[in-house]
$ cat coords-v2.pdb   # PDB, C-alpha atoms, pLDDT in the B column
ATOM      1  CA  MET H   1       0.159  34.908  20.847  1.00 49.00           C
ATOM      2  CA  GLU H   2       0.282  31.918  18.498  1.00 53.00           C
ATOM      3  CA  GLU H   3      -0.727  29.616  21.340  1.00 55.00           C
ATOM      4  CA  TYR H   4      -3.851  31.717  21.950  1.00 55.00           C
ATOM      5  CA  LYS H   5      -4.839  31.463  18.283  1.00 56.00           C
ATOM      6  CA  THR H   6      -4.565  27.674  18.284  1.00 56.00           C
ATOM      7  CA  LEU H   7      -6.607  27.446  21.493  1.00 55.00           C
ATOM      8  CA  LYS H   8      -9.227  29.768  20.040  1.00 63.00           C
ATOM      9  CA  ASN H   9      -9.596  27.580  16.951  1.00 67.00           C
ATOM     10  CA  ASP H  10      -9.808  24.315  18.923  1.00 77.00           C
ATOM     11  CA  ASN H  11     -13.027  22.417  19.363  1.00 89.00           C
ATOM     12  CA  VAL H  12     -15.223  23.637  22.229  1.00 92.00           C
ATOM     13  CA  LEU H  13     -15.321  20.196  23.836  1.00 91.00           C
ATOM     14  CA  LEU H  14     -11.530  19.983  23.718  1.00 92.00           C
ATOM     15  CA  ARG H  15     -11.208  23.382  25.382  1.00 92.00           C
ATOM     16  CA  VAL H  16     -13.677  22.357  28.116  1.00 92.00           C
ATOM     17  CA  TRP H  17     -11.766  19.085  28.648  1.00 91.00           C
ATOM     18  CA  ARG H  18      -8.466  20.989  28.957  1.00 91.00           C
ATOM     19  CA  PHE H  19     -10.070  23.459  31.398  1.00 90.00           C
ATOM     20  CA  TYR H  20     -11.245  20.690  33.743  1.00 86.00           C
ATOM     21  CA  LEU H  21      -8.051  18.675  33.351  1.00 87.00           C
ATOM     22  CA  GLU H  22      -5.925  21.665  34.337  1.00 89.00           C
ATOM     23  CA  GLY H  23      -8.253  22.368  37.251  1.00 85.00           C
ATOM     24  CA  PHE H  24      -7.951  18.820  38.582  1.00 82.00           C
ATOM     25  CA  ARG H  25      -4.165  18.892  38.217  1.00 84.00           C
ATOM     26  CA  SER H  26      -3.874  21.961  40.392  1.00 85.00           C
ATOM     27  CA  MET H  27      -6.197  20.642  43.144  1.00 83.00           C
ATOM     28  CA  THR H  28      -4.866  19.632  46.526  1.00 82.00           C
ATOM     29  CA  LEU H  29      -7.828  19.218  48.871  1.00 85.00           C
ATOM     30  CA  GLY H  30     -10.218  18.623  45.966  1.00 83.00           C
ATOM     31  CA  LYS H  31      -8.639  15.280  45.066  1.00 83.00           C
ATOM     32  CA  THR H  32      -9.316  13.996  48.576  1.00 88.00           C
ATOM     33  CA  LEU H  33     -12.909  15.229  48.436  1.00 89.00           C
ATOM     34  CA  TRP H  34     -13.469  13.586  45.061  1.00 87.00           C
ATOM     35  CA  ALA H  35     -12.062  10.330  46.432  1.00 91.00           C
ATOM     36  CA  ILE H  36     -14.513  10.502  49.358  1.00 93.00           C
ATOM     37  CA  ILE H  37     -17.408  11.202  46.963  1.00 92.00           C
ATOM     38  CA  LEU H  38     -16.486   8.241  44.739  1.00 93.00           C
ATOM     39  CA  ILE H  39     -16.163   5.907  47.747  1.00 95.00           C
ATOM     40  CA  LYS H  40     -19.599   7.000  49.000  1.00 93.00           C
ATOM     41  CA  LEU H  41     -21.150   6.427  45.557  1.00 92.00           C
ATOM     42  CA  PHE H  42     -19.589   2.979  45.407  1.00 92.00           C
ATOM     43  CA  ILE H  43     -21.014   2.113  48.818  1.00 90.00           C
ATOM     44  CA  MET H  44     -24.463   3.471  47.963  1.00 88.00           C
ATOM     45  CA  PHE H  45     -24.882   1.849  44.561  1.00 88.00           C
ATOM     46  CA  PHE H  46     -23.039  -1.452  44.921  1.00 88.00           C
ATOM     47  CA  ILE H  47     -22.780  -2.513  48.536  1.00 86.00           C
ATOM     48  CA  LEU H  48     -26.246  -1.387  49.675  1.00 84.00           C
ATOM     49  CA  LYS H  49     -27.900  -2.809  46.560  1.00 83.00           C
ATOM     50  CA  LEU H  50     -26.405  -6.220  47.207  1.00 83.00           C
ATOM     51  CA  PHE H  51     -27.605  -6.467  50.789  1.00 82.00           C
ATOM     52  CA  PHE H  52     -30.793  -4.400  51.032  1.00 82.00           C
ATOM     53  CA  PHE H  53     -32.414  -4.524  47.598  1.00 80.00           C
ATOM     54  CA  PRO H  54     -32.708  -8.139  46.436  1.00 78.00           C
ATOM     55  CA  ASN H  55     -34.020  -8.914  42.966  1.00 81.00           C
ATOM     56  CA  ILE H  56     -37.497 -10.098  43.938  1.00 81.00           C
ATOM     57  CA  LEU H  57     -38.665 -10.561  40.358  1.00 84.00           C
ATOM     58  CA  GLN H  58     -35.733 -12.868  39.651  1.00 83.00           C
ATOM     59  CA  LYS H  59     -36.532 -14.901  42.751  1.00 84.00           C
ATOM     60  CA  ASP H  60     -40.324 -15.150  42.334  1.00 88.00           C
ATOM     61  CA  PHE H  61     -40.675 -15.638  38.562  1.00 89.00           C
ATOM     62  CA  ASP H  62     -38.903 -17.994  36.182  1.00 90.00           C
ATOM     63  CA  THR H  63     -39.192 -16.304  32.765  1.00 91.00           C
ATOM     64  CA  ASP H  64     -38.975 -12.760  31.482  1.00 91.00           C
ATOM     65  CA  GLU H  65     -42.563 -12.963  30.263  1.00 93.00           C
ATOM     66  CA  GLU H  66     -43.819 -13.791  33.773  1.00 91.00           C
ATOM     67  CA  ARG H  67     -41.784 -10.908  35.220  1.00 91.00           C
ATOM     68  CA  ALA H  68     -43.142  -8.496  32.619  1.00 91.00           C
ATOM     69  CA  ASN H  69     -46.720  -9.565  33.294  1.00 91.00           C
ATOM     70  CA  ALA H  70     -46.230  -9.174  37.044  1.00 88.00           C
ATOM     71  CA  VAL H  71     -44.848  -5.666  36.604  1.00 89.00           C
ATOM     72  CA  ILE H  72     -47.668  -4.638  34.255  1.00 91.00           C
ATOM     73  CA  GLU H  73     -50.275  -6.080  36.603  1.00 89.00           C
ATOM     74  CA  ASN H  74     -48.845  -4.233  39.600  1.00 87.00           C
ATOM     75  CA  LEU H  75     -48.555  -0.967  37.702  1.00 88.00           C
ATOM     76  CA  THR H  76     -52.082  -1.027  36.355  1.00 88.00           C
ATOM     77  CA  ASN H  77     -53.868  -2.626  39.329  1.00 83.00           C
ATOM     78  CA  PRO H  78     -51.609  -2.260  42.367  1.00 69.00           C
ATOM     79  CA  TYR H  79     -54.363  -2.925  44.924  1.00 72.00           C
ATOM     80  CA  ASN H  80     -55.886  -5.967  43.232  1.00 63.00           C
ATOM     81  CA  SER H  81     -52.822  -8.082  43.937  1.00 54.00           C
ATOM     82  CA  GLN H  82     -53.277  -7.739  47.708  1.00 55.00           C
ATOM     83  CA  PRO H  83     -55.853  -9.898  49.495  1.00 53.00           C
ATOM     84  CA  GLN H  84     -59.071  -8.070  50.254  1.00 54.00           C
ATOM     85  CA  GLN H  85     -60.016  -7.763  53.907  1.00 56.00           C
ATOM     86  CA  SER H  86     -63.665  -7.812  54.756  1.00 54.00           C
ATOM     87  CA  GLN H  87     -64.869  -4.944  56.871  1.00 57.00           C
ATOM     88  CA  GLU H  88     -67.579  -6.199  59.165  1.00 58.00           C
ATOM     89  CA  LEU H  89     -68.958  -3.849  61.771  1.00 52.00           C
TER      90      LEU H  89
END
$ encode --input "coords-v2.pdb" --output "C-alpha cells"
Amino acid sequence: MEEYKTLKNDNVLLRVWRFYLEGFRSMTLGKTLWAIILIKLFIMFFILKLFFFPNILQKDFDTDEERANAVIENLTNPYNSQPQQSQEL
C-alpha cells in the first residue's frame, strides 16, 4: 500500500518513464522489431543521404550569403532561373 502512495505522488513524467521502461524490459519480440526499425532509420537518414542527396548549395556557391541569395531567388522566382525556350510555330 505504501508503494502505491509513493507512485501516486511521483511526477507524471517519471511515472510515464517507468511505464515504458518496464514495458521494454518485458518485451521479447519487440526488442528485435525495434532493432530493425532503428537499422532502417539509420539506412534512410545517413546512408541514402550520403549517396543520393549531395549538398548542391555547398558545391555551387562559396559563401553563406551566396547560398542564401540563391535559395531566396529560387523560392520567390523558381521559373526565372531556368532558360526560357522560345515557342515558334
$ atom_distance --input "coords-v2.pdb" --atom1 "CA of Gly23 (chain H)" --atom2 "CA of Ile43 (chain H)"
26.6 Å
$ atom_distance --input "coords-v2.pdb" --atom1 "CA of Asn55 (chain H)" --atom2 "CA of Ala68 (chain H)"
13.8 Å
$ atom_distance --input "coords-v2.pdb" --atom1 "CA of Asn69 (chain H)" --atom2 "CA of Leu57 (chain H)"
10.8 Å
$ residues_around --input "coords-v2.pdb" --residues "Arg67 (chain H)" --least-positions-apart "5" --cutoff "9 Å" --atoms "only C-alpha atoms" --output "list in words"
Leu57, Gln58, Asp60, Phe61, Asp62 and Ile72 of chain H
$ decode --input "coords-v2.pdb" --residues "region 16-77 of chain H" --atoms "C-alpha atoms" --output "short mmCIF file (atom, residue, chain, number, x, y, z; two decimals), in the first residue's frame"
data_model
loop_
_atom_site.label_atom_id
_atom_site.label_comp_id
_atom_site.auth_asym_id
_atom_site.auth_seq_id
_atom_site.Cartn_x
_atom_site.Cartn_y
_atom_site.Cartn_z
CA VAL H 16 5.40 7.53 -17.77
CA TRP H 17 9.14 6.79 -17.99
CA ARG H 18 8.77 3.87 -15.56
CA PHE H 19 5.77 2.55 -17.53
CA TYR H 20 7.71 2.45 -20.81
CA LEU H 21 10.88 1.16 -19.17
CA GLU H 22 9.01 -1.75 -17.61
CA GLY H 23 7.30 -2.43 -20.93
CA PHE H 24 10.60 -2.59 -22.81
CA ARG H 25 12.12 -4.86 -20.16
CA SER H 26 9.37 -7.41 -20.57
CA MET H 27 9.50 -7.43 -24.41
CA THR H 28 10.84 -10.40 -26.31
CA LEU H 29 9.90 -9.96 -29.97
CA GLY H 30 9.56 -6.18 -29.57
CA LYS H 31 13.29 -5.69 -28.99
CA THR H 32 14.04 -7.34 -32.33
CA LEU H 33 11.44 -5.20 -34.08
CA TRP H 34 12.82 -2.02 -32.53
CA ALA H 35 16.32 -3.02 -33.66
CA ILE H 36 15.03 -3.48 -37.22
CA ILE H 37 13.29 -0.09 -37.10
CA LEU H 38 16.44 1.66 -35.86
CA ILE H 39 18.59 -0.01 -38.54
CA LYS H 40 16.12 1.09 -41.24
CA LEU H 41 16.13 4.68 -39.92
CA PHE H 42 19.91 4.69 -39.93
CA ILE H 43 19.98 3.50 -43.53
CA MET H 44 17.35 6.01 -44.64
CA PHE H 45 18.78 9.10 -42.98
CA PHE H 46 22.53 8.53 -43.12
CA ILE H 47 23.47 6.13 -45.88
CA LEU H 48 20.96 7.32 -48.50
CA LYS H 49 21.68 10.98 -47.75
CA LEU H 50 25.38 10.47 -48.35
CA PHE H 51 24.97 8.84 -51.74
CA PHE H 52 21.76 10.21 -53.26
CA PHE H 53 21.33 13.71 -51.85
CA PRO H 54 24.54 15.71 -52.34
CA ASN H 55 24.83 19.21 -50.91
CA ILE H 56 24.43 21.16 -54.15
CA LEU H 57 24.50 24.56 -52.46
CA GLN H 58 27.84 23.74 -50.85
CA LYS H 59 29.24 22.66 -54.21
CA ASP H 60 27.91 25.53 -56.35
CA PHE H 61 28.34 28.53 -54.03
CA ASP H 62 31.31 29.66 -51.96
CA THR H 63 29.78 31.77 -49.16
CA ASP H 64 26.70 31.55 -46.99
CA GLU H 65 25.44 34.84 -48.42
CA GLU H 66 25.54 33.45 -51.98
CA ARG H 67 23.71 30.30 -50.84
CA ALA H 68 21.05 32.35 -49.07
CA ASN H 69 20.51 34.55 -52.12
CA ALA H 70 20.22 31.50 -54.37
CA VAL H 71 17.62 29.93 -52.09
CA ILE H 72 15.60 33.16 -51.85
CA GLU H 73 15.74 33.64 -55.61
CA ASN H 74 14.55 30.10 -56.28
CA LEU H 75 11.77 30.34 -53.72
CA THR H 76 10.41 33.63 -54.97
CA ASN H 77 11.01 33.17 -58.71
#
